[in-house]
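Here the structure is laid out as structure tokens; the discussion comes afterwards.
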Amino acid sequence: MNARVPIVKQKLVVVGNGMAGMRTVEELLALAPEAYDITVFGAEPHPNYNRILLSPVLAGEQTIEQIVVNSRSWYAENGITLHTGQTVTRIDRARRLVETANGMHESYDRLLIATGSNPFILPIPGNALPGVITYRDIADTEAMIAAATTFRHAVVIGGGLLGLEAANGLRLRGMDVTVVHLMPWLMERQLDRTAAGMLQHSLEAKGLAFRLEAKTKALVAGPEGRVASVELASGESLPADLVVMAVGIRPNADLAKASGLHCERGIVVNDTLQTFDPRIYAIGECVAHRGLTYGLVAPLFEMAKVCANHLAGHGIARYGGSQVSTKLKVTGVDLFSAGDFTGGPDAEEIVLADPGSGIYKKLVIRNDKLVGGVLIGDTTDGAWYFRLVRDGRNVAEIRDRLMFGEANLGDTGHQGQSRALSMADDAEVCGCNGVCKGAIVKAIRDKGLFTLDDVRKHTKASSSCGSCTGLVEQLLMATAGADYSTPTRLKAVCGCTERNHQEVREAIRGQHLISIADTMRFMEWRTPNGCATCRPALNYYVLSTWPKEAVDDPQSRFINERAHANIQKDGTYSVIPRMWGGETNASELRRIADVVDKYNVRTVKVTGGQRIDLLGIKKADLPAVWKDLAMPSGHAYAKALRTVKTCVGSEWCRFGTQDSTAMGQSLERALWRMYAPHKVKLAVSGCPRNCAESGIKDVGIIGVESGWEIYVGGNGGIKTEVAQFLVKVKTPEEVLEYSGAFLQLYREEAWYLERTVHYVTRVGLDYVKKEMLDNAARRVALWERLQFTLDGEPDPWHQMQEARVDVRQFAPVAVAH
Amino acid sequence: MYGSSHPLPWHIDMTATITPLIRGADCSALAPAAVANGTFVEICALADIPLAGARVIARPGHPDGDVALFRCQEERVFAIVDRCPHKGGPLSQGIVYGDRVACPLHNWSIGLADGDAVAPDVGCARTFAVRVEDGAVFVALD
């Protein structure tokens with residue numbers, strides 16, 4: 001890491017002190033704090049503020065101080081030279097200098113242009129009169145607030161997002177506001193006609209007036225020279241002491257153009273945000289990337305990450321374009337729009353309309369995927385729908401429930417809450433880390449957080465089990481406003497790489513990579529030896545892809561898999577010996593009792609998996625405890641086969657149709673020591689009464705008179721998931737083969753820490769069936785590969801050397817008194 | 001966060017005496033070794049610590065508990081109190097990467113050179129000066 005820090009600092013000059021430029025600087029400081037001497041030029045006299053929160057300021061809901069993201073002291077603390085109120089007028093690319101309007105010069109090694117966009121001014125008579133403004137910055141907002149105190153009539157030209165927010169703010173400040181819009185309905189780029197009609201209705205109820213399909217002909221001055229009325233093409237004249245033009249924005253590429261940089265609609269950049277001059281980067285609303293320009297904050301943050309990565313000299317990130325969503329920031333009007341909401345002949349629409357209560361929801365589906373939607377009145381699930389659009393997830397199976405929102409919100413640990421907005425400030429959102437709603441909202445506001453990752457880092461909310469992710473996303477959307485940025489489609493494994501799990505798995509197989517180091521080298525990891533997130537994943541991938549060839553790296557395993565016991569909050573361990581199918585006997589129980597006495601085991605607990613847990617064992621005692629127990633490892637500490645839960649079955653039960661205990665024991669003996677992407681639990685029930693709870697297991701078997709039914713992808717954890725029926729077979733041998741083949745498919749294809757339910761949801765049950773039911777040869781091959789993997793696999797409790805258990809860990813290296 | 005007055009790893013007192021300490025994994029059974037305040041004592045051979053791993057220097061009865069001895073790369077060794085500033089997790093049991101360790105309890109990352117939690121987490125674990133000479137590891141315990 002240190003090798004990258006240059007001895008003589010390079011000079012980075014940033015033109016533009018807005019959200020895009022400063023976000024890049026923040027990302028850069030996080031990656032390489034010492035790499036550059038940074039100088040920032042801002043045309044506005046303010047430090048960096050959150051432009052998308054100008055509307056709440058206009059509406060009187062927030063103050064300008066509240067929307068400042070980086071105060072002047074932040075620049076000072078980070079050694080950044082800030083020049084506010086300084087417009088850069090020229091770039092001398094040959095001499096690598098920038099020049100400002102009042103003659104200041106600054107040289108650069110790297111230049112970042114983040115000049116944003118300019119509001120579009122209609123080319124009509126009177127457009128420069130006093131009282132005619134645009135809506136873009138603090139000065140515009142202040143002008144509107146001032147006008148509202150002395151004048152009465154306002155006209156907003158433009159019925160888009162910004163125009164409506166301006167109109168709403170002016171109305172709240174007491175003005176009579178008319179919105180003039182050229183198109184037949186409001187926000188035509190985000191809403192369909194029905195939704196726009198409902199929006200208009202609720203805005204009219206707030207006192208706004210509208211003129212649709214109305215073209216502005218001229219702005220007419222009054223006797224004092226200030227604007228007095230707006231003349232429409234229809235001949236109508238609207239009184240206007242204040243005219244706000246909100247008809248669109250244009251990338252501000254003037255400086256770049258004048259400096260000879262290639263520009264189209266904006267400054268043309270490549271996927272690394274470089275302009276045609278490789279020393280000059282550009283980012284934000286001023287750029288054209290793959291022919292597109294963006295006017296929302298989420299894409300700009302994604303660009304900032306990539307740009308900072310290259311400025312820091314890592315040189316591996318790429319920007320591939322963004323999906324965007326919109327949320328109107330008008331208090332009391334809930335509106336959300338994302339993706340393609342118009343559909344077309346090849347698309348289907350699901351619509352829910354309840355005009356009486358002001359609710360309208362439209363979801364557009366194409367090829368079994370959600371491609372867009374519009375929500376009015378209830379936008380709670382906007383974040384979830386947007387995620388589905390972005391992930392391109394197949395929604396065929398949840399289609400019938402899609403309209404009713406994200407079902408897995410608030411499943412466990414949040415008292416069934418699924419509406420973050422209606423929760424009280426002291427209500428707990430994250431049950432794992434005890435984070436309440438107020439703390440999350442405060443962090444989002446005070447620290448200017450925009451992404452789920454940011455919230456996780458700063459508050460810990462949603463960073464453990466993840467079940468409250470939906471609630472946190474709702475809070476982000478409600479607090480940070482419209483378009484908080486969200487992870488891209490396939491997330492990178494961790495901060496050490498740009499690669500996602502799928503790419504890594506494919507490379508390991510395709511390139512025959514058999515070690516973590518090989519994989520990191522081939523995939524150009526940016527850290528020398530990864531981190532606690534990627535190393536365990538890579539270790540699993542090489543081992544599961546190349547069994548008997550790849551060598552395990554115990555240092556890349558979580559402590560439980562290194563010590564072969566479960567670490568507890570006080571640093572002691574728990575020990576769970578294996579009991580085949582949950583069956584035990586007198587001599588095992590006697591040995592367990594002796595261990596409890598000999599090692600002063602404080603708690604002895606029967607587990608949900610039909611075994612016995614000994615809690616509070618000192619690490620130093622582990623090898624002796626294993627030896628005294630003389631029972632196999634239960635692997636209760638590993639991402640591996642845990643238990644095979646069974647009912648007593650036909651041997652004893654008067655209802656039993658099959659010998660479920662014997663079946664469970666053969667499954668457990670065939671599959672134990674099987675490491676997997678996550679823990680794996682099985683169950684075998686002897687009849688459909690299902691006493692072993694096969695319906696919530698990764699593989700659940702249910703015996704019936706004529707054979708065995710196999711269910712997969714069940715889960716009893718955070719979100720209870722019922723296993724899906726895979727196949728019915730006749731013999732115990734077939735149960736082994738089919739269960740084993742399914743698990744091997746999961747082992748070979750799932751991403752690390754993906755449970756079977758998530759894997760099956762991702763690839764689809766139909767795919768699983770195609771691979772291992774329709775294709776008998778593949779099924780047999782999968783089952784054989786699993787047996788090959790498990791053949792000779794050591795028991796870590798009793799074959800420590802073969803299992804590469806580092807026994808040195810059980811004793812201190814020295815004792816100091 | 002930087003308030004503690006302990007010597008940072010680069011503040012090595014070159015005049016300090018080196019006292020031998022009993023070595024080896026089974027030393028818990030042997031008599032305690034005298035350790036002078038802030039002086040370097042020999043703890044173990046470099047090879048006794050797994051690469052990208054850690055060992056524990058036991059300090060029975062010490063109010064701050066044990067010390068974790070990390071080996072990040074070949075000769076890059078750090079000593080730090082074996083207690084996460086978050087909820088007291090045994091840092092010696094965490095996954096070691098770069099010059100950091102991820103606490104095994106709640107995955108806080110702790111910088112081994114300064115004992116500081118990696119931002120945005122806030123906290124600090126006390127560190128001890130370490131010296132590696134001729135394949136032996138010396139630590140200045142108190």
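Just so we're on the same page: first chain in the structure tokens is A, next is B, and so on; residues restart at 1 for each chain, and ligands are numbered from 1 in the order they show up.
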Residues of chain A at most 8 Å from chain B: nearest atom pair and distance in Å, only C-alpha atoms, as CSV:
```
residue,atom,partner,partner_atom,distance
A:Lys457,CA,B:Pro120,CA,6.4
A:His458,CA,B:Pro120,CA,5.9
A:Thr527,CA,B:Gly98,CA,7.6
A:Pro528,CA,B:Gly98,CA,6.8
A:Asn529,CA,B:Tyr97,CA,6.0
A:Gly530,CA,B:Tyr97,CA,6.2
A:Cys531,CA,B:Tyr97,CA,5.2
A:Ala532,CA,B:Ile95,CA,5.7
A:Gln555,CA,B:Gly53,CA,6.3
A:Ser556,CA,B:Ile95,CA,6.7
A:Arg557,CA,B:Ile95,CA,7.2
A:Phe558,CA,B:Ile95,CA,6.4
A:Ile559,CA,B:Gln93,CA,5.8
A:Ile567,CA,B:Leu105,CA,7.9
A:Gln568,CA,B:Leu105,CA,7.9
A:Lys569,CA,B:Leu105,CA,6.8
A:Asp570,CA,B:Gly89,CA,7.2
A:Gly571,CA,B:Pro90,CA,6.1
A:Arg808,CA,B:Ala25,CA,6.9
A:Gln809,CA,B:Arg55,CA,6.5
A:Ala811,CA,B:Ala25,CA,5.6
A:Pro812,CA,B:Val56,CA,4.8
A:Val813,CA,B:Ala25,CA,5.1
A:Ala814,CA,B:Ile57,CA,4.9
A:Val815,CA,B:Ala58,CA,4.6
A:Ala816,CA,B:Arg59,CA,5.0
A:His817,CA,B:Pro32,CA,5.7
```
Serialized selection, N, CA and C atoms, as a CSV table (one decimal), in the first residue's frame:
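Produced file again32.csv, reproduced below:
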```csv
chain,number,residue,atom,x,y,z
A,457,LYS,N,-21.8,1.2,7.6
A,457,LYS,CA,-20.5,1.5,8.3
A,457,LYS,C,-20.7,2.4,9.4
A,458,HIS,N,-21.5,3.4,9.3
A,458,HIS,CA,-21.6,4.5,10.3
A,458,HIS,C,-22.5,4.1,11.5
A,527,THR,N,-5.3,-5.4,-3.0
A,527,THR,CA,-4.7,-5.5,-1.7
A,527,THR,C,-3.7,-6.7,-1.8
A,528,PRO,N,-2.6,-6.6,-1.0
A,528,PRO,CA,-1.6,-7.7,-1.1
A,528,PRO,C,-2.1,-9.0,-0.6
A,529,ASN,N,-2.9,-9.1,0.5
A,529,ASN,CA,-3.5,-10.4,0.9
A,529,ASN,C,-4.9,-10.3,1.3
A,530,GLY,N,-5.7,-9.5,0.5
A,530,GLY,CA,-7.1,-9.6,0.7
A,530,GLY,C,-7.6,-9.0,2.0
A,531,CYS,N,-8.8,-9.5,2.4
A,531,CYS,CA,-9.3,-9.1,3.7
A,531,CYS,C,-10.2,-10.2,4.3
A,532,ALA,N,-10.8,-9.9,5.4
A,532,ALA,CA,-11.6,-10.9,6.1
A,532,ALA,C,-12.8,-11.3,5.4
A,555,GLN,N,-5.5,-19.9,7.7
A,555,GLN,CA,-5.5,-18.5,8.1
A,555,GLN,C,-6.5,-17.7,7.4
A,556,SER,N,-7.1,-18.3,6.3
A,556,SER,CA,-8.2,-17.6,5.6
A,556,SER,C,-9.5,-18.1,6.0
A,557,ARG,N,-9.6,-18.8,7.1
A,557,ARG,CA,-10.9,-19.2,7.6
A,557,ARG,C,-11.2,-18.5,8.9
A,558,PHE,N,-12.5,-18.3,9.1
A,558,PHE,CA,-13.0,-17.7,10.3
A,558,PHE,C,-12.5,-18.5,11.5
A,559,ILE,N,-12.4,-17.9,12.7
A,559,ILE,CA,-11.8,-18.6,13.8
A,559,ILE,C,-12.5,-19.9,14.1
A,567,ILE,N,-16.8,-19.9,18.7
A,567,ILE,CA,-16.4,-18.9,19.7
A,567,ILE,C,-17.6,-18.2,20.3
A,568,GLN,N,-17.6,-17.9,21.6
A,568,GLN,CA,-18.7,-17.3,22.3
A,568,GLN,C,-18.3,-15.9,22.7
A,569,LYS,N,-19.2,-15.1,23.2
A,569,LYS,CA,-19.0,-13.7,23.4
A,569,LYS,C,-17.9,-13.5,24.4
A,570,ASP,N,-17.6,-14.4,25.3
A,570,ASP,CA,-16.6,-14.2,26.4
A,570,ASP,C,-15.2,-14.8,25.9
A,571,GLY,N,-15.1,-15.3,24.6
A,571,GLY,CA,-13.9,-15.8,24.2
A,571,GLY,C,-13.7,-17.3,24.4
A,808,ARG,N,-0.7,-25.4,17.6
A,808,ARG,CA,0.0,-24.4,18.4
A,808,ARG,C,-1.0,-23.4,19.0
A,809,GLN,N,-2.2,-23.2,18.3
A,809,GLN,CA,-3.1,-22.2,18.8
A,809,GLN,C,-3.7,-22.5,20.1
A,811,ALA,N,-2.2,-23.3,22.9
A,811,ALA,CA,-1.4,-23.0,24.0
A,811,ALA,C,-0.8,-21.6,23.8
A,812,PRO,N,-0.6,-20.8,24.8
A,812,PRO,CA,0.0,-19.5,24.7
A,812,PRO,C,1.5,-19.7,24.2
A,813,VAL,N,2.0,-18.7,23.5
A,813,VAL,CA,3.3,-18.8,23.0
A,813,VAL,C,4.3,-18.5,24.1
A,814,ALA,N,3.8,-17.8,25.1
A,814,ALA,CA,4.7,-17.5,26.3
A,814,ALA,C,3.8,-17.0,27.4
A,815,VAL,N,4.3,-17.0,28.6
A,815,VAL,CA,3.5,-16.5,29.8
A,815,VAL,C,4.3,-15.4,30.4
A,816,ALA,N,3.7,-14.3,30.6
A,816,ALA,CA,4.3,-13.2,31.3
A,816,ALA,C,3.6,-13.0,32.7
A,817,HIS,N,4.4,-12.7,33.7
A,817,HIS,CA,3.8,-12.5,35.0
A,817,HIS,C,4.1,-11.1,35.5
```
Can you list, as a short mmCIF file (atom, residue, chain, number, x, y, z; two decimals) with C-alpha atoms, in the first residue's frame, all residues belonging to range 41-169 of chain A that DSSP tags as helix (DSSP H, G or I)?
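Saved to selection_24.cif:
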```
data_model
loop_
_atom_site.label_atom_id
_atom_site.label_comp_id
_atom_site.auth_asym_id
_atom_site.auth_seq_id
_atom_site.Cartn_x
_atom_site.Cartn_y
_atom_site.Cartn_z
CA ARG A 51 -28.10 20.56 -3.97
CA ILE A 52 -30.94 18.05 -3.94
CA LEU A 53 -32.05 19.37 -0.56
CA LEU A 54 -32.65 22.91 -1.86
CA SER A 55 -36.34 22.10 -2.20
CA PRO A 56 -36.80 21.38 1.51
CA VAL A 57 -34.96 24.66 2.18
CA LEU A 58 -37.32 26.52 -0.13
CA GLU A 65 -26.71 25.37 7.28
CA GLN A 66 -28.33 21.95 7.49
CA ILE A 67 -27.62 21.09 3.88
CA ARG A 72 -14.82 25.09 5.47
CA SER A 73 -13.10 23.43 8.38
CA TRP A 74 -13.34 20.08 6.57
CA TYR A 75 -11.27 21.49 3.70
CA ALA A 76 -8.72 22.83 6.17
CA GLU A 77 -8.51 19.57 8.13
CA ILE A 138 -28.52 28.75 -3.12
CA ALA A 139 -28.72 32.20 -4.74
CA ASP A 140 -31.85 31.18 -6.71
CA THR A 141 -33.38 29.71 -3.59
CA GLU A 142 -32.67 32.85 -1.60
CA ALA A 143 -34.13 34.99 -4.40
CA MET A 144 -37.34 32.95 -4.29
CA ILE A 145 -37.57 33.16 -0.51
CA ALA A 146 -37.07 36.95 -0.70
CA ALA A 147 -39.64 37.38 -3.50
CA ALA A 148 -42.20 35.43 -1.49
CA THR A 149 -42.04 37.99 1.31
CA THR A 150 -42.97 40.95 -0.91
CA LEU A 161 -39.54 17.39 -10.88
CA LEU A 162 -37.70 20.65 -10.19
CA GLY A 163 -40.53 22.92 -11.34
CA LEU A 164 -43.08 21.21 -9.11
CA GLU A 165 -40.76 21.33 -6.10
CA ALA A 166 -40.20 25.05 -6.72
CA ALA A 167 -43.94 25.66 -7.12
CA ASN A 168 -44.71 23.76 -3.93
CA GLY A 169 -42.09 25.71 -1.97
#
```
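Using only C-alpha atoms, the contacts of Arg290 in chain A at a cut-off of 10 Å, with sequence neighbours closer than 5 positions omitted, comprise Val268, Val269, Asn270, Asp271, Gly320 and Gly321 of chain A.
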Near-Val118 in chain B list (8 Å; only C-alpha atoms; drop same-chain fewer than 6 positions) as a ChimeraX atom specification: /B:108-111
Env of range 739-748 of chain A: 7 Å cut, atoms = only C-alpha atoms, seq-sep filter 4 positions within chain, self excluded. Answer as an MDAnalysis selection string. chainID A and resid 544:545 676:677 699 735 756 772 779 782:783 786
Test item: residues at most 10 Å from Val132 in chain B, only C-alpha atoms, excluding those fewer than 2 positions along its chain, as a count of residues only: 14
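Distance check against Thr115 in chain A using only C-alpha atoms: of A:Asn252, A:Asn539, A:Asn127, A:Thr87, the minimum falls on A:Asn252.
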Could you give me, as an mmCIF file with N, CA and C atoms, in the first residue's frame, the residues within 8 Å of range 99-114 of chain A, counting only C-alpha atoms and dropping anything in the same chain fewer than 6 positions from it?
```
data_model
loop_
_atom_site.group_PDB
_atom_site.id
_atom_site.type_symbol
_atom_site.label_atom_id
_atom_site.label_comp_id
_atom_site.auth_asym_id
_atom_site.auth_seq_id
_atom_site.Cartn_x
_atom_site.Cartn_y
_atom_site.Cartn_z
ATOM 1 N N GLN A 10 1.728 14.970 -6.130
ATOM 2 C CA GLN A 10 1.222 15.550 -7.370
ATOM 3 C C GLN A 10 0.163 16.576 -7.032
ATOM 4 N N LYS A 11 -0.091 17.451 -7.998
ATOM 5 C CA LYS A 11 -1.102 18.482 -7.757
ATOM 6 C C LYS A 11 -2.391 18.133 -8.476
ATOM 7 N N LEU A 12 -3.452 18.078 -7.703
ATOM 8 C CA LEU A 12 -4.772 17.845 -8.277
ATOM 9 C C LEU A 12 -5.589 19.127 -8.142
ATOM 10 N N VAL A 13 -6.094 19.609 -9.283
ATOM 11 C CA VAL A 13 -6.956 20.782 -9.241
ATOM 12 C C VAL A 13 -8.369 20.343 -9.600
ATOM 13 N N VAL A 14 -9.329 20.744 -8.782
ATOM 14 C CA VAL A 14 -10.723 20.401 -9.032
ATOM 15 C C VAL A 14 -11.473 21.666 -9.412
ATOM 16 N N VAL A 15 -12.089 21.661 -10.583
ATOM 17 C CA VAL A 15 -12.893 22.807 -11.011
ATOM 18 C C VAL A 15 -14.350 22.445 -10.742
ATOM 19 N N GLY A 16 -14.933 23.083 -9.751
ATOM 20 C CA GLY A 16 -16.315 22.763 -9.384
ATOM 21 C C GLY A 16 -16.353 22.236 -7.962
ATOM 22 N N ASN A 17 -17.012 22.969 -7.091
ATOM 23 C CA ASN A 17 -17.046 22.626 -5.667
ATOM 24 C C ASN A 17 -18.405 22.045 -5.297
ATOM 25 N N GLY A 18 -18.972 21.272 -6.218
ATOM 26 C CA GLY A 18 -20.303 20.716 -5.969
ATOM 27 C C GLY A 18 -20.234 19.289 -5.455
ATOM 28 N N ALA A 20 -20.477 16.379 -6.996
ATOM 29 C CA ALA A 20 -19.690 15.401 -7.751
ATOM 30 C C ALA A 20 -18.206 15.540 -7.442
ATOM 31 N N GLY A 21 -17.718 16.790 -7.531
ATOM 32 C CA GLY A 21 -16.290 17.021 -7.318
ATOM 33 C C GLY A 21 -15.869 16.625 -5.918
ATOM 34 N N GLN A 86 -14.748 31.782 -7.224
ATOM 35 C CA GLN A 86 -13.710 31.908 -8.268
ATOM 36 C C GLN A 86 -14.096 31.050 -9.453
ATOM 37 N N THR A 87 -14.402 31.687 -10.572
ATOM 38 C CA THR A 87 -14.774 30.942 -11.765
ATOM 39 C C THR A 87 -13.539 30.682 -12.615
ATOM 40 N N VAL A 88 -13.310 29.419 -12.924
ATOM 41 C CA VAL A 88 -12.188 29.093 -13.806
ATOM 42 C C VAL A 88 -12.615 29.375 -15.236
ATOM 43 N N THR A 89 -11.809 30.178 -15.946
ATOM 44 C CA THR A 89 -12.207 30.614 -17.281
ATOM 45 C C THR A 89 -11.393 29.962 -18.390
ATOM 46 N N ARG A 90 -10.248 29.383 -18.047
ATOM 47 C CA ARG A 90 -9.396 28.871 -19.116
ATOM 48 C C ARG A 90 -8.536 27.723 -18.575
ATOM 49 N N ILE A 91 -8.335 26.729 -19.429
ATOM 50 C CA ILE A 91 -7.374 25.688 -19.107
ATOM 51 C C ILE A 91 -6.271 25.762 -20.157
ATOM 52 N N ASP A 92 -5.056 25.954 -19.700
ATOM 53 C CA ASP A 92 -3.919 25.941 -20.622
ATOM 54 C C ASP A 92 -3.340 24.542 -20.560
ATOM 55 N N ARG A 279 -4.760 13.558 -18.791
ATOM 56 C CA ARG A 279 -4.500 14.182 -17.492
ATOM 57 C C ARG A 279 -5.765 14.812 -16.908
ATOM 58 N N ILE A 280 -6.779 14.921 -17.740
ATOM 59 C CA ILE A 280 -7.985 15.630 -17.315
ATOM 60 C C ILE A 280 -9.152 14.654 -17.179
ATOM 61 N N TYR A 281 -9.723 14.624 -15.983
ATOM 62 C CA TYR A 281 -10.898 13.809 -15.715
ATOM 63 C C TYR A 281 -12.118 14.724 -15.672
ATOM 64 N N ALA A 282 -13.283 14.158 -15.923
ATOM 65 C CA ALA A 282 -14.517 14.934 -15.764
ATOM 66 C C ALA A 282 -15.580 14.008 -15.202
ATOM 67 N N ILE A 283 -16.473 14.584 -14.425
ATOM 68 C CA ILE A 283 -17.421 13.761 -13.707
ATOM 69 C C ILE A 283 -18.682 14.563 -13.419
ATOM 70 N N GLY A 284 -19.811 13.863 -13.305
ATOM 71 C CA GLY A 284 -21.053 14.491 -12.881
ATOM 72 C C GLY A 284 -21.946 14.899 -14.035
ATOM 73 N N GLU A 285 -22.725 15.929 -13.804
ATOM 74 C CA GLU A 285 -23.727 16.331 -14.789
ATOM 75 C C GLU A 285 -23.103 16.946 -16.033
ATOM 76 N N CYS A 286 -21.824 17.316 -15.975
ATOM 77 C CA CYS A 286 -21.220 17.970 -17.135
ATOM 78 C C CYS A 286 -20.714 16.967 -18.175
#
```
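Separating CA of Gly716 in chain A from CA of Cys432 in chain A is a distance of 17.1 Å.
For the pair CA of Val768 in chain A and CA of Arg393 in chain A, the interatomic distance is 16.5 Å.
Within range 711-789 of chain A, the backbone-based DSSP assignment of strand (DSSP E or B) covers Tyr711, Val712, Asn715, Glu721, Gln724, Phe725, Leu726, Val727, Lys728 and Val729 of chain A.
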Just the selected residues (N, CA and C atoms), exported as a PDB file, in the first residue's frame, please.
```
ATOM      1  N   TYR A 711     -37.396 -32.181  -0.869  1.00  0.00           N
ATOM      2  CA  TYR A 711     -37.658 -30.742  -0.941  1.00  0.00           C
ATOM      3  C   TYR A 711     -36.328 -30.002  -0.766  1.00  0.00           C
ATOM      4  N   VAL A 712     -36.163 -28.862  -1.445  1.00  0.00           N
ATOM      5  CA  VAL A 712     -34.898 -28.126  -1.322  1.00  0.00           C
ATOM      6  C   VAL A 712     -35.142 -26.639  -1.075  1.00  0.00           C
ATOM      7  N   ASN A 715     -35.593 -22.825   4.811  1.00  0.00           N
ATOM      8  CA  ASN A 715     -34.751 -22.087   5.751  1.00  0.00           C
ATOM      9  C   ASN A 715     -35.603 -21.639   6.926  1.00  0.00           C
ATOM     10  N   GLU A 721     -38.400 -19.710   5.129  1.00  0.00           N
ATOM     11  CA  GLU A 721     -38.645 -20.032   3.733  1.00  0.00           C
ATOM     12  C   GLU A 721     -39.055 -21.491   3.662  1.00  0.00           C
ATOM     13  N   GLN A 724     -38.974 -26.090  -1.434  1.00  0.00           N
ATOM     14  CA  GLN A 724     -39.773 -26.392  -2.621  1.00  0.00           C
ATOM     15  C   GLN A 724     -39.594 -27.841  -3.036  1.00  0.00           C
ATOM     16  N   PHE A 725     -40.662 -28.409  -3.542  1.00  0.00           N
ATOM     17  CA  PHE A 725     -40.620 -29.803  -3.959  1.00  0.00           C
ATOM     18  C   PHE A 725     -39.698 -29.963  -5.159  1.00  0.00           C
ATOM     19  N   LEU A 726     -38.763 -30.906  -5.045  1.00  0.00           N
ATOM     20  CA  LEU A 726     -37.835 -31.144  -6.151  1.00  0.00           C
ATOM     21  C   LEU A 726     -38.241 -32.387  -6.922  1.00  0.00           C
ATOM     22  N   VAL A 727     -38.375 -33.518  -6.208  1.00  0.00           N
ATOM     23  CA  VAL A 727     -38.627 -34.768  -6.919  1.00  0.00           C
ATOM     24  C   VAL A 727     -39.077 -35.827  -5.914  1.00  0.00           C
ATOM     25  N   LYS A 728     -39.752 -36.826  -6.422  1.00  0.00           N
ATOM     26  CA  LYS A 728     -40.084 -37.979  -5.581  1.00  0.00           C
ATOM     27  C   LYS A 728     -39.327 -39.196  -6.106  1.00  0.00           C
ATOM     28  N   VAL A 729     -38.676 -39.927  -5.190  1.00  0.00           N
ATOM     29  CA  VAL A 729     -37.902 -41.099  -5.606  1.00  0.00           C
ATOM     30  C   VAL A 729     -38.364 -42.308  -4.797  1.00  0.00           C
TER      31      VAL A 729
END
```
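Shortest separation to Cys307 in chain A among A:Ile612, A:Met22, A:Ile157, A:Ala692 occurs at residue A:Met22, atoms counted being only C-alpha atoms.
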